[in-house]
Amino acid sequence: MTDNTNDRRNELCSRFRQSLSGDASSNQYFDEDELIEIFDYAGDLNDDYLRMEVLLCGARYYPDSAPLRQRRALLYYTFGDDLTTKYLQDNASQHGLLWDITRTRAANPMGKEAEKALDQMLSDYSEFDDEEVIQLVDLASSLGQTDWLLSRMKKLRKHVSYMPTLLYEIAVQLEIDQRYDEAIQLLEQLTDLEPYNEQYWFMLAQEYDLNDNTAGALQALDLALAILPGDKAMRFYHARLLARDNATRQQSIDALKKLAAEYPDDIDISRFLAALSIESAEDNDEQAHELAAKVLNDCYSLNKGNRKLASDLLAINGAPAYELIREVDIAEPPTDVNGWIAWAAELEALGAYDKAIAILTYCEAKLGYKHPSINEALIIDYFMIQNFKAVCASFESRTVGASSATPDVAALVFVIYAISLAKLGRKKDAAEFGNMILKLIVDDGPDDITYALRRLGAGLVLTDIVDRCTTRRRTDWPSYDPLGVWGSNI
């Protein structure tokens, strides 16, 4: 579809929306063809409200319009089988391609029967308009007949009034089916037909990328950007492709800097630039860290309380932790305790355990009591930063309510507590706790936790701790790392 066509359709939809507001100054007259065009374009936008309003308007001014009656069947189909069935029963005598498509959808034939129904449509109708092409391709795909579309391409080409629509719609379905080679073939034909449509080149670039052809994707994007050099989405995609190769990574950073300067409120651009800057930097490169912090802070100032940006800033020490957490809590707080734990886990995945602890302790203070699930997450995080006193204090503290921890987490917490006791010199407590867990849980405990402990090798670790704490066996406890989390060995 050409840019002029889309511009006209956008203007048409805008004018129709304005007419719905009751504004007396708006033009409230639309002819039948305009209503059909608005309905079809609203379908591309997945705007069922607009499609409904078009049909209501059409029923008032053009009650005998056959195309609008057919499109009512399409809308009913989106609302469920019952409405579709009743509408088709009431309009059993109506004929047309869209009617046949809707009836075939409702019948849902399979295999050869589906092929027969689709072939009948090719036989019965000589020319398909854009909406009919879109609906026919969608029908064939929903019936598992994408191969039918490819095998009938020669016939389909003779039926369509606008070839790009056919090629585009089938290419989309091929992408959904992950048949990228075949989608690329159609999109290459599409760009031959309309070489000045940047969106087709952009789609071809994405298809090359999905097919692991980065060079082809970059070439197609270069052609798209030659047509529309200022397009934000294409420029960002181009920068992401360049970022994959060390040889072009600096080009990517430079391009992203320009984008971030033009669109400082774009969260995805700012986060990608910050991450790429730090990833590409040499060790202890303060300049890269400062760039990342500045970009993220500039974007965060325009998206106050955004959790993704806050997480990035927390991970690089780009802003005071408490203030960021408080602002997120005001703007878009996690919905429950598990949400807070999940947010903390994002920081844990980045190795920022101290910031995960800040999130969890904030949640704990907000709750006003020690929640067992929060407590268990804290035990693990304190262990990772080797704060063994905090591990033991948290484990021994009184919690309120039931834990939602998985057996794996529960098993890990038991082992962490035993290791922490030993590292603090509380060898008697470590041995007694280890023996208790070995007897009550590893050997005779609930199946789920027993299984987790055994699978994680907890019995071996606990036995080793008991042995080291009850014999004269010499142990360098500061270096003791049976879980291998700090990379040190005894």
# chains A, B, ... in the order shown; residues from 1 in each chain; ligands from 1
$ closest_atom_pairs --of "segment 319-354 of chain A" --to "segment 304-313 of chain A" --cutoff "10 Å" --atoms "only C-alpha atoms" --output "tab-separated table"
residue	atom	partner	partner_atom	distance
A:Ala319	CA	A:Leu313	CA	6.1
A:Pro320	CA	A:Leu313	CA	8.7
A:Ala321	CA	A:Leu313	CA	8.5
A:Glu323	CA	A:Gly305	CA	9.6
A:Leu324	CA	A:Ala310	CA	6.0
A:Ile325	CA	A:Ala310	CA	7.5
A:Arg326	CA	A:Gly305	CA	8.1
A:Glu327	CA	A:Gly305	CA	4.7
A:Val328	CA	A:Gly305	CA	4.1
A:Asp329	CA	A:Gly305	CA	7.4
A:Ile330	CA	A:Gly305	CA	7.0
A:Ala331	CA	A:Gly305	CA	5.0
A:Glu332	CA	A:Gly305	CA	6.6
A:Pro333	CA	A:Arg307	CA	8.3
A:Pro334	CA	A:Arg307	CA	9.3
A:Trp343	CA	A:Ser311	CA	8.2
A:Ala344	CA	A:Ser311	CA	8.9
A:Glu346	CA	A:Ser311	CA	7.5
A:Leu347	CA	A:Ser311	CA	6.7
A:Leu350	CA	A:Asp312	CA	9.3
A:Ala352	CA	A:Ser311	CA	9.7
$ write_last_selection --atoms "C-alpha atoms" --output "mmCIF file, in the first residue's frame"
data_model
loop_
_atom_site.group_PDB
_atom_site.id
_atom_site.type_symbol
_atom_site.label_atom_id
_atom_site.label_comp_id
_atom_site.auth_asym_id
_atom_site.auth_seq_id
_atom_site.Cartn_x
_atom_site.Cartn_y
_atom_site.Cartn_z
ATOM 1 C CA ALA A 319 21.440 6.876 41.358
ATOM 2 C CA PRO A 320 20.605 6.470 45.071
ATOM 3 C CA ALA A 321 18.901 3.116 45.573
ATOM 4 C CA GLU A 323 15.011 7.068 46.013
ATOM 5 C CA LEU A 324 14.712 4.919 42.890
ATOM 6 C CA ILE A 325 12.857 2.163 44.731
ATOM 7 C CA ARG A 326 10.526 4.678 46.370
ATOM 8 C CA GLU A 327 9.721 6.312 43.020
ATOM 9 C CA VAL A 328 8.988 2.937 41.429
ATOM 10 C CA ASP A 329 6.762 2.137 44.388
ATOM 11 C CA ILE A 330 4.799 5.315 43.663
ATOM 12 C CA ALA A 331 4.639 5.003 39.859
ATOM 13 C CA GLU A 332 4.373 1.298 39.074
ATOM 14 C CA PRO A 333 4.795 -0.832 42.207
ATOM 15 C CA PRO A 334 4.868 -4.639 42.034
ATOM 16 C CA TRP A 343 12.040 -7.403 40.676
ATOM 17 C CA ALA A 344 14.876 -8.237 43.076
ATOM 18 C CA GLU A 346 16.297 -8.991 37.948
ATOM 19 C CA LEU A 347 19.105 -7.383 39.939
ATOM 20 C CA LEU A 350 22.958 -8.854 36.956
ATOM 21 C CA ALA A 352 23.795 -6.666 41.918
#
$ select_by_dssp --residues "segment 186-295 of chain A" --states "helix (DSSP H, G or I)" --output "NGL selection string"
:A and (186-193 or 198-210 or 214-227 or 232-242 or 246-262 or 267-280 or 286-295)
$ atom_distance --atom1 "atom CA of Leu166 of chain A" --atom2 "atom CA of Thr104 of chain A"
19.8 Å
$ residues_around --residues "segment 212-218 of chain A" --least-positions-apart "6" --cutoff "10 Å" --atoms "only C-alpha atoms" --output "VMD selection string"
chain A and resid 180 201 to 206 224 237 to 239 241 to 242 244 to 245
$ closest_residue --among "A:Ser65, A:Ser19, A:Thr191, A:Gln94" --to "Glu32 of chain A" --atoms "only C-alpha atoms"
A:Ser65
$ closest_residue --among "A:Asp119, A:Asp381, A:Glu376, A:Asp7" --to "Ala358 of chain A" --atoms "only C-alpha atoms"
A:Asp381
$ residues_around --residues "Asp429 of chain A" --least-positions-apart "4" --cutoff "10 Å" --atoms "only C-alpha atoms" --output "list of chain:residue names"
A:Ala418, A:Leu421, A:Ala422, A:Gly425, A:Phe433, A:Gly434, A:Asn435, A:Val466, A:Cys469
$ closest_residue --among "A:Asn297, A:Ser126, A:Gln135, A:Thr463" --to "Arg71 of chain A" --atoms "only C-alpha atoms"
A:Gln135
$ atom_distance --atom1 "atom CA of Leu276 of chain A" --atom2 "atom CA of Ile359 of chain A"
25.2 Å
$ closest_residue --among "A:Lys439, A:Arg179, A:Lys258, A:Arg72" --to "Val54 of chain A" --atoms "only C-alpha atoms"
A:Arg72
$ residues_around --residues "Tyr369 of chain A" --least-positions-apart "6" --cutoff "12 Å" --atoms "only C-alpha atoms" --output "PyMOL selection string"
chain A and resi 361-363+375+397-401
$ write_last_selection --atoms "N, CA and C atoms" --output "JSON list (two decimals), in the first residue's frame"
[["chain", "number", "residue", "atom", "x", "y", "z"],
["A", 361, "THR", "N", 14.42, -5.34, 51.34],
["A", 361, "THR", "CA", 14.25, -4.71, 52.66],
["A", 361, "THR", "C", 13.26, -3.56, 52.60],
["A", 362, "TYR", "N", 13.19, -2.88, 51.45],
["A", 362, "TYR", "CA", 12.18, -1.83, 51.28],
["A", 362, "TYR", "C", 10.79, -2.45, 51.35],
["A", 363, "CYS", "N", 10.60, -3.56, 50.64],
["A", 363, "CYS", "CA", 9.31, -4.25, 50.67],
["A", 363, "CYS", "C", 8.97, -4.73, 52.07],
["A", 375, "ASN", "N", 12.11, -13.19, 53.28],
["A", 375, "ASN", "CA", 13.21, -13.59, 54.15],
["A", 375, "ASN", "C", 14.12, -14.61, 53.47],
["A", 397, "SER", "N", 15.20, -15.40, 62.36],
["A", 397, "SER", "CA", 14.17, -14.42, 62.71],
["A", 397, "SER", "C", 12.78, -15.03, 62.59],
["A", 398, "ARG", "N", 11.85, -14.41, 63.24],
["A", 398, "ARG", "CA", 10.46, -14.91, 63.23],
["A", 398, "ARG", "C", 9.72, -14.30, 62.04],
["A", 399, "THR", "N", 9.15, -15.15, 61.21],
["A", 399, "THR", "CA", 8.40, -14.66, 60.05],
["A", 399, "THR", "C", 6.92, -14.90, 60.24],
["A", 400, "VAL", "N", 6.13, -14.20, 59.43],
["A", 400, "VAL", "CA", 4.67, -14.26, 59.54],
["A", 400, "VAL", "C", 4.09, -14.73, 58.20],
["A", 401, "GLY", "N", 3.29, -15.80, 58.25],
["A", 401, "GLY", "CA", 2.63, -16.27, 57.04],
["A", 401, "GLY", "C", 3.31, -17.48, 56.44]]
